[in-house]
2 protein chains.
Amino acid sequence: MTALATSLTPTHLHFLEALFPGDGLVTRPEEMAVYGADSSRRSAMPWAVVRPRTEEQIVELLRWAEAERVPLVPRLRGTGMSGGAVPAFGGVVVSTLWLNRVLDIDAEDFCAEVEPGVVTAEFQALTQKRRLFYPPDPASLKISTLGGNVATCAGGMRAVKYGVTRDYVLGVRAVLPGGKICDAGGRAHKNVVGLDLTRLFVGSCGTLGIFTKLTLKLLPLPESSATVLAAFGSLHDALEGARGVFRAGILPTALEFMDATACRGIAQIKDVPWPTAPNGDTRAVLLLKIDGSASALADELARLERALSQAGPSCLLKGLGPREEEPLWEIRRLVSPAAFQLGPDKLGEDIAVPRGSTVQAVEGFQALGAEHGVHVACYGHLGDGNIHVNIIYDAQDEGQRARAKACKEAVFRLTLSLGGTISGEHGTGITKAPYVSWQLSETERALMAGIKQVFDPSGILNPGKGWV
Amino acid sequence: MTALATSLTPTHLHFLEALFPGDGLVTRPEEMAVYGADSSRRSAMPWAVVRPRTEEQIVELLRWAEAERVPLVPRLRGTGMSGGAVPAFGGVVVSTLWLNRVLDIDAEDFCAEVEPGVVTAEFQALTQKRRLFYPPDPASLKISTLGGNVATCAGGMRAVKYGVTRDYVLGVRAVLPGGKICDAGGRAHKNVVGLDLTRLFVGSCGTLGIFTKLTLKLLPLPESSATVLAAFGSLHDALEGARGVFRAGILPTALEFMDATACRGIAQIKDVPWPTAPNGDTRAVLLLKIDGSASALADELARLERALSQAGPSCLLKGLGPREEEPLWEIRRLVSPAAFQLGPDKLGEDIAVPRGSTVQAVEGFQALGAEHGVHVACYGHLGDGNIHVNIIYDAQDEGQRARAKACKEAVFRLTLSLGGTISGEHGTGITKAPYVSWQLSETERALMAGIKQVFDPSGILNPGKGWV
């Protein structure tokens with residue numbers, strides 16, 4: 001195998017200038033810098049940034065890059081948390097943000113065709129106008145794109161009831177190294193012809209092809225929704241409350257939780273509705289959403305309250321319909337900023353464990369925080385066992401930095417010992433790449449490397465990312 | 001690449017005798033014959049049949065088969081409709097029916113671990129006892145197995161609301177050619193570490209590995225369900241009724257339909273509740289199921305009736321709860337046997353089209369039947385656009401046989417022109433393998449062949465099946 005190029009030659013740059021005229025090519029370092037970072041806070045300077053306007057340009061680009069062995073790093077809004085879009089090993093960044101047309105939203109087919117650069121929330125607003133529903137709701141949805149969501153198999157809060165991005169991708173059109181187009185799947189909701197290339201692209205982090213079109217599945221829009229917030233004096237009671245909900249046969253749309261550390265952080269920046277010291281102690285808060293027809297909701301809300309009440313909450317608030325629900329969800333959105341009340345830096349992990357192991361996991365993570373002398377705040381998608389573990393520390397302090405890293409690794413080990421995964425929804429990118437072999441066997445990694453080679457024999461697409 | 005063996009040598013047989021003592025090895029033709037057929041009505045005589053009791057035997061078998069280049073055809077209950085389990089190109093049939101333990105059903109984790117030979121309906125009964133729910137419901141579920149369902153990505157009636165088998169597979173443990181074990185996925189409901197090997201195994205028809213364990217996702221069991229049967233004087237009105245249901249924001253659990261030919265067939269073997277000639281004419285029947293909490297159901301049932309009534313049904317029956325629903329679903333189960341009232345033989349296809357194209361598809365298929373002088377009965381999973389097209393003819397008549405085949409091919413062409421797929425849930429096996437290239441491009445097929453080679457470099461697993 002010919003080695004990858006290690007920089008761009010003048011001939012390479014001439015080629016890119018011709019293929020991406022005007023502002024289609026970016027080479028000034030101050031302009032390129034923003035294309036070299038993502039929400040992982042890692043960054044690296046691209047060799048160049050190209051901004052195609054058409055699929056034809058992408059085809060040409062991939063034909064050239066394959067022939068010249070030039071690494072390409074596909075990118076959209078860069079909201080990923082694990083460095084998947086950072087050109088850490090060099091290469092030309094390919095931003096497909098300008099491929100941002102909604103080609104079709106079809107209320108009869110219950111599907112949509114979009115280009116990768118469409119912003120998720122804008123797409124959802126368009127579908128809602130037609131009383132259609134695209135459930136995946138990663139926290140970044142107001143700024144992240146559908147293409148990025150598919151590349152990372154983005155999750156979100158509604159996954160408990162509705163599943164993740166994978167469950168809404170019916171088709172993927174992608175340009176492969178060498179310039180061939182793979183048009184996998186389509187608009188039929190059921191399809192079992194051949195191996196499932198469509199879902200293989202989902203979560204592949206730009207390592208198999210560059211998306212130019214996505215076909216997405218839509219649902220009828222639920223008529224309304226309702227939310228309950230319940231605070232508890234112990235983590236155990238809160239998780240018992242959550243269990244009671246499932247036991248009552250309720251499949252909530254979302255089932256979020258915050259641990260004592262997260263609750264304390266929020267109480268420092270906002271008046272909170274739950275008991276705080278010295279009048280009481282709140283060790284965990286649950287937030288649940290349900291959705292459905294307006295008339296069915298009132299009844300389900302009553303059942304939800306009954307199920308939660310059995311676990312003895314110290315406070316139980318409810319909201320019926322978006323206007324009443326919003327203040328409750330505003331609290332949830334404060335968790336991430338509130339973490340910084342406890343320290344200037346954080347490692348934001350997103351492990352997932354089997355749903356029944358959440359008590360053991362969260363208690364274990366808290367103990368690991370104490371053991372390593374760092375704050376650990378746990379919150380997130382309890383209903384999926386997908387827990388965001390924030391390790392809060394001061395990066396200026398070398399000792400704390402080392403202890404935070406050691407704590408993170410201990411979190412991964414505990415997660416794996418519980419049968420969990422080191423990433424529930426953020427992917428492994430570069431920040432978790434060193435730990436992938438803790439989870440995946442040599443056999444699995446060899447299969448993935450083999451599959452990668454089928455799509456990208458020279459290894460030009462997003463090298464060094466994910467699972468290698 | 002060394003060519004595959006074309007028969008078993010005495011040394012091969014000695015090896016198999018030693019590895020599968022007693023009734024673990026079957027070599028008498030009269031016993032082997034049943035292992036050479038499936039529900040496609042195709043058959044071929046296996047070279048031998050082995051019935052492992054342990055994963056260790058499968059590991060040894062795959063080590064040997066890889067070294068000796070002996071083709072293996074994995075098999076369970078053989079309920080597949082497309083010949084996927086038929087050893088049409090020779091080889092040793094591997095029945096994993098004796099790996100049939102339910103290892104774990106966990107009401108906290110909402111997941112189960114099972115061996116491939118567990119019968120789907122028996123598993124569902126066990127989950128129901130614990131108020132858990134495994135939604136996939138292929139028509140064969142009383143006799144088919146979970147391993148077979150995963151190998152074919154089996155669909156079913158509940159796919160409209162709950163999706164297909166793919167959506168419930170969290171992990172697959174499989175033995176690969178050469179004897180290595182791939183243990184993909186796990187018990188966490190969210191997991192994005194590495195490429196999605198788990199879903200790649202789903203629907204791969206035994207071409208990538210032999211399953212030894214499956215980890216399945218479960219839901220809380222819905223409290224109750226309700227069913228509505230509505231008959232219409234025209235196909236157009238029926239499909240308008242179905243559209244109205246979705247427009248009302250209702251996502252039914254199941255939405256089945258039968259066309260005029262299917263209705264006529266049923267009326268010949270049973271008293272039917274809908275108007276028949278000379279008192280009226282029923283051109284289409286819809287059957288819908290909804291599920292949820294008992295109190296919410298009454299309301300949703302009323303909404304469902306309102307939505308359907310706007311399309312002017314000639315008859316509308318409802319049933320609340322399983323006892324009242326059962327007689328309505330009994331009618332649905334008669335469609336397939338009733339087809340034989342119209343002729344002794346049938347080609348049972350299962351195309352799927354984008355949901356909004358169902359009218360055009362069904363009217364088109366009926367016209368193709370008239371054009372080719374064969375009966376065409378359409379019925380099935382309208383809610384997914386997944387239509388079972390039964391072409392009914394007399395195979396003794398050479399002209400009819402040719403016309404039936406020509407009609408089938410015309411059905412595929414019309415399906416593809418509507419953006420559909422030649423198989424919604426039966427897979428391509430051997431019966432549809434010749435048509436795969438009508439749907440999939442050379443690029444897609446080359447990727448699939450490349451992936452296949454990563455898992456099975458010598459091509460010993462179920463050769464000639466699926467998409468090649």
# chains A, B, ... in the order shown; residues from 1 in each chain; ligands from 1
$ residues_around --residues "B:Leu308" --least-positions-apart "2" --cutoff "12 Å" --atoms "only C-alpha atoms" --output "ChimeraX atom specification"
/B:228-232,237-248,250,285-288,301-306,310-318
$ write_last_selection --atoms "C-alpha atoms" --output "PDB file, in the first residue's frame"
ATOM      1  CA  VAL B 228     -60.807  -2.478  13.805  1.00  0.00           C
ATOM      2  CA  LEU B 229     -61.857  -4.156  10.572  1.00  0.00           C
ATOM      3  CA  ALA B 230     -63.178  -1.878   7.843  1.00  0.00           C
ATOM      4  CA  ALA B 231     -64.468  -2.958   4.406  1.00  0.00           C
ATOM      5  CA  PHE B 232     -64.596  -0.630   1.406  1.00  0.00           C
ATOM      6  CA  ASP B 237     -61.372   4.412  -0.533  1.00  0.00           C
ATOM      7  CA  ALA B 238     -59.552   1.836   1.609  1.00  0.00           C
ATOM      8  CA  LEU B 239     -56.197   3.437   1.029  1.00  0.00           C
ATOM      9  CA  GLU B 240     -57.744   6.855   1.668  1.00  0.00           C
ATOM     10  CA  GLY B 241     -58.956   5.469   4.993  1.00  0.00           C
ATOM     11  CA  ALA B 242     -55.428   4.295   5.824  1.00  0.00           C
ATOM     12  CA  ARG B 243     -54.037   7.715   4.988  1.00  0.00           C
ATOM     13  CA  GLY B 244     -56.636   9.337   7.223  1.00  0.00           C
ATOM     14  CA  VAL B 245     -55.408   7.266  10.158  1.00  0.00           C
ATOM     15  CA  PHE B 246     -51.833   8.515   9.794  1.00  0.00           C
ATOM     16  CA  ARG B 247     -53.069  12.053   9.174  1.00  0.00           C
ATOM     17  CA  ALA B 248     -54.942  11.908  12.478  1.00  0.00           C
ATOM     18  CA  ILE B 250     -52.278   7.730  14.944  1.00  0.00           C
ATOM     19  CA  VAL B 285     -60.550  -4.651   3.650  1.00  0.00           C
ATOM     20  CA  LEU B 286     -58.360  -2.930   6.223  1.00  0.00           C
ATOM     21  CA  LEU B 287     -57.427  -4.431   9.565  1.00  0.00           C
ATOM     22  CA  LEU B 288     -55.840  -2.178  12.171  1.00  0.00           C
ATOM     23  CA  LEU B 301     -60.228   3.546  19.218  1.00  0.00           C
ATOM     24  CA  ALA B 302     -62.848   6.277  18.851  1.00  0.00           C
ATOM     25  CA  ARG B 303     -60.342   8.459  16.976  1.00  0.00           C
ATOM     26  CA  LEU B 304     -59.440   5.542  14.754  1.00  0.00           C
ATOM     27  CA  GLU B 305     -63.105   4.939  13.896  1.00  0.00           C
ATOM     28  CA  ARG B 306     -63.625   8.612  13.093  1.00  0.00           C
ATOM     29  CA  GLN B 310     -64.423   9.574   6.597  1.00  0.00           C
ATOM     30  CA  ALA B 311     -63.423   7.214   3.793  1.00  0.00           C
ATOM     31  CA  GLY B 312     -66.910   5.669   3.779  1.00  0.00           C
ATOM     32  CA  PRO B 313     -66.481   2.025   4.808  1.00  0.00           C
ATOM     33  CA  SER B 314     -69.373  -0.323   4.057  1.00  0.00           C
ATOM     34  CA  CYS B 315     -68.748  -2.204   7.273  1.00  0.00           C
ATOM     35  CA  LEU B 316     -66.760  -1.373  10.385  1.00  0.00           C
ATOM     36  CA  LEU B 317     -66.232  -3.906  13.165  1.00  0.00           C
ATOM     37  CA  LYS B 318     -64.215  -3.454  16.291  1.00  0.00           C
TER      38      LYS B 318
END
$ residues_around --residues "B:Leu255" --least-positions-apart "2" --cutoff "9 Å" --atoms "only C-alpha atoms" --output "ChimeraX atom specification"
/B:157-158,160,242,252-253,257,286-289,380-384
$ closest_residue --among "A:Gly459, A:Gly233, A:Gly179, A:Pro322" --to "chain B" --atoms "only C-alpha atoms"
A:Gly179
$ residues_around --residues "B:Arg333" --least-positions-apart "2" --cutoff "12 Å" --atoms "only C-alpha atoms" --output "PyMOL selection string"
chain B and resi 139-140+157+256-258+262-263+266+270+287+326-331+335-339+379-380
$ residues_around --residues "stretch 54-58 of chain B" --least-positions-apart "5" --cutoff "10 Å" --atoms "only C-alpha atoms" --output "list of chain:residue names"
B:Leu19, B:Phe20, B:Arg63, B:Trp64, B:Val94, B:Thr96, B:Trp98, B:Leu99, B:Ala174, B:Val175, B:Leu176, B:Pro177, B:Gly179, B:Ile181, B:Ile210, B:Phe211, B:Thr212, B:Lys213
$ closest_atom_pairs --of "chain B" --to "chain A" --cutoff "6 Å" --atoms "only C-alpha atoms" --output "Markdown table"
| residue | atom | partner | partner_atom | distance |
| --- | --- | --- | --- | --- |
| B:Glu108 | CA | A:Gly356 | CA | 4.4 |
| B:Asp109 | CA | A:Arg355 | CA | 4.4 |
| B:Cys182 | CA | A:Glu444 | CA | 5.9 |
| B:Arg187 | CA | A:Pro354 | CA | 5.3 |
| B:Ala188 | CA | A:Pro354 | CA | 4.4 |
| B:His189 | CA | A:Asp384 | CA | 5.6 |
| B:Lys190 | CA | A:Gly424 | CA | 4.8 |
| B:Asn191 | CA | A:Gly424 | CA | 4.4 |
| B:Val192 | CA | A:Gly427 | CA | 5.4 |
| B:Val193 | CA | A:Gly427 | CA | 6.0 |
| B:Gly194 | CA | A:Trp467 | CA | 5.2 |
| B:Leu195 | CA | A:Ser204 | CA | 5.8 |
| B:Asp196 | CA | A:Leu200 | CA | 5.7 |
| B:Leu200 | CA | A:Asp196 | CA | 5.7 |
| B:Ser204 | CA | A:Leu195 | CA | 5.8 |
| B:Pro220 | CA | A:Gly249 | CA | 4.9 |
| B:Leu221 | CA | A:Gly249 | CA | 5.8 |
| B:Gly249 | CA | A:Pro220 | CA | 4.9 |
| B:Ala296 | CA | A:Ala296 | CA | 4.6 |
| B:Ala352 | CA | A:Ala188 | CA | 6.0 |
| B:Val353 | CA | A:Ala188 | CA | 5.0 |
| B:Pro354 | CA | A:Ala188 | CA | 4.4 |
| B:Arg355 | CA | A:Asp109 | CA | 4.4 |
| B:Gly356 | CA | A:Glu108 | CA | 4.4 |
| B:Asp384 | CA | A:His189 | CA | 5.6 |
| B:Gly420 | CA | A:Ala188 | CA | 5.6 |
| B:Ser423 | CA | A:Val192 | CA | 5.8 |
| B:Gly424 | CA | A:Asn191 | CA | 4.4 |
| B:Glu425 | CA | A:Val192 | CA | 5.8 |
| B:Gly427 | CA | A:Val192 | CA | 5.4 |
| B:Glu444 | CA | A:Cys182 | CA | 6.0 |
| B:Gly450 | CA | A:Val454 | CA | 5.7 |
| B:Ile451 | CA | A:Ile451 | CA | 5.7 |
| B:Val454 | CA | A:Gly450 | CA | 5.7 |
| B:Trp467 | CA | A:Gly194 | CA | 5.2 |
$ closest_residue --among "B:Thr127, B:Thr27, B:Ser458, B:Ala377" --to "B:Asp104" --atoms "only C-alpha atoms"
B:Thr127
$ residues_around --residues "A:Phe89" --least-positions-apart "2" --cutoff "7 Å" --atoms "only C-alpha atoms" --output "VMD selection string"
chain A and resid 87 91 463 to 464
$ atom_distance --atom1 "atom CA of A:Ala18" --atom2 "atom CA of A:Val92"
15.2 Å
$ residues_around --residues "stretch 398-406 of chain B" --least-positions-apart "3" --cutoff "12 Å" --atoms "only C-alpha atoms" --output "PyMOL selection string"
chain B and resi 343-349+368-376+389-395+409-413+431-432
$ write_last_selection --atoms "C-alpha atoms" --output "PDB file, in the first residue's frame"
ATOM      1  CA  GLY B 343     -55.446 -21.878  -8.422  1.00  0.00           C
ATOM      2  CA  PRO B 344     -53.202 -24.749  -7.322  1.00  0.00           C
ATOM      3  CA  ASP B 345     -49.875 -22.900  -7.293  1.00  0.00           C
ATOM      4  CA  LYS B 346     -48.639 -19.519  -6.275  1.00  0.00           C
ATOM      5  CA  LEU B 347     -45.601 -17.304  -6.389  1.00  0.00           C
ATOM      6  CA  GLY B 348     -45.606 -15.408  -3.107  1.00  0.00           C
ATOM      7  CA  GLU B 349     -43.666 -12.183  -3.451  1.00  0.00           C
ATOM      8  CA  LEU B 368     -50.259  -6.880 -14.609  1.00  0.00           C
ATOM      9  CA  GLY B 369     -52.198  -9.949 -13.483  1.00  0.00           C
ATOM     10  CA  ALA B 370     -54.952  -9.220 -16.021  1.00  0.00           C
ATOM     11  CA  GLU B 371     -52.352  -8.564 -18.714  1.00  0.00           C
ATOM     12  CA  HIS B 372     -50.573 -11.868 -18.060  1.00  0.00           C
ATOM     13  CA  GLY B 373     -53.748 -13.906 -17.563  1.00  0.00           C
ATOM     14  CA  VAL B 374     -53.010 -14.940 -13.972  1.00  0.00           C
ATOM     15  CA  HIS B 375     -54.745 -14.156 -10.668  1.00  0.00           C
ATOM     16  CA  VAL B 376     -52.937 -11.591  -8.550  1.00  0.00           C
ATOM     17  CA  VAL B 389     -48.212 -10.175  -4.091  1.00  0.00           C
ATOM     18  CA  ASN B 390     -49.532 -13.667  -4.656  1.00  0.00           C
ATOM     19  CA  ILE B 391     -49.456 -14.724  -8.283  1.00  0.00           C
ATOM     20  CA  ILE B 392     -51.810 -17.687  -8.552  1.00  0.00           C
ATOM     21  CA  TYR B 393     -51.544 -20.117 -11.438  1.00  0.00           C
ATOM     22  CA  ASP B 394     -51.416 -23.752 -12.454  1.00  0.00           C
ATOM     23  CA  ALA B 395     -47.851 -25.028 -12.664  1.00  0.00           C
ATOM     24  CA  GLU B 409     -40.731  -9.974 -13.193  1.00  0.00           C
ATOM     25  CA  ALA B 410     -43.112  -7.206 -14.267  1.00  0.00           C
ATOM     26  CA  VAL B 411     -44.139  -6.801 -10.606  1.00  0.00           C
ATOM     27  CA  PHE B 412     -40.463  -6.351  -9.667  1.00  0.00           C
ATOM     28  CA  ARG B 413     -39.938  -3.800 -12.442  1.00  0.00           C
ATOM     29  CA  THR B 431     -35.456 -17.457  -5.464  1.00  0.00           C
ATOM     30  CA  LYS B 432     -34.766 -13.732  -5.819  1.00  0.00           C
TER      31      LYS B 432
END
$ atom_distance --atom1 "atom CA of A:Gly24" --atom2 "atom CA of A:Val49"
8.2 Å
$ select_by_dssp --residues "stretch 263-447 of chain B" --states "alpha helix (DSSP H)" --output "PyMOL selection string"
chain B and resi 263-267+294-309+322-333+335-339+358-372+398-417+436-439+442-447
$ select_by_dssp --residues "stretch 296-431 of chain A" --states "strand (DSSP E)" --output "MDAnalysis selection string"
chainID A and resid 315:320 345:352 375:381 386:393
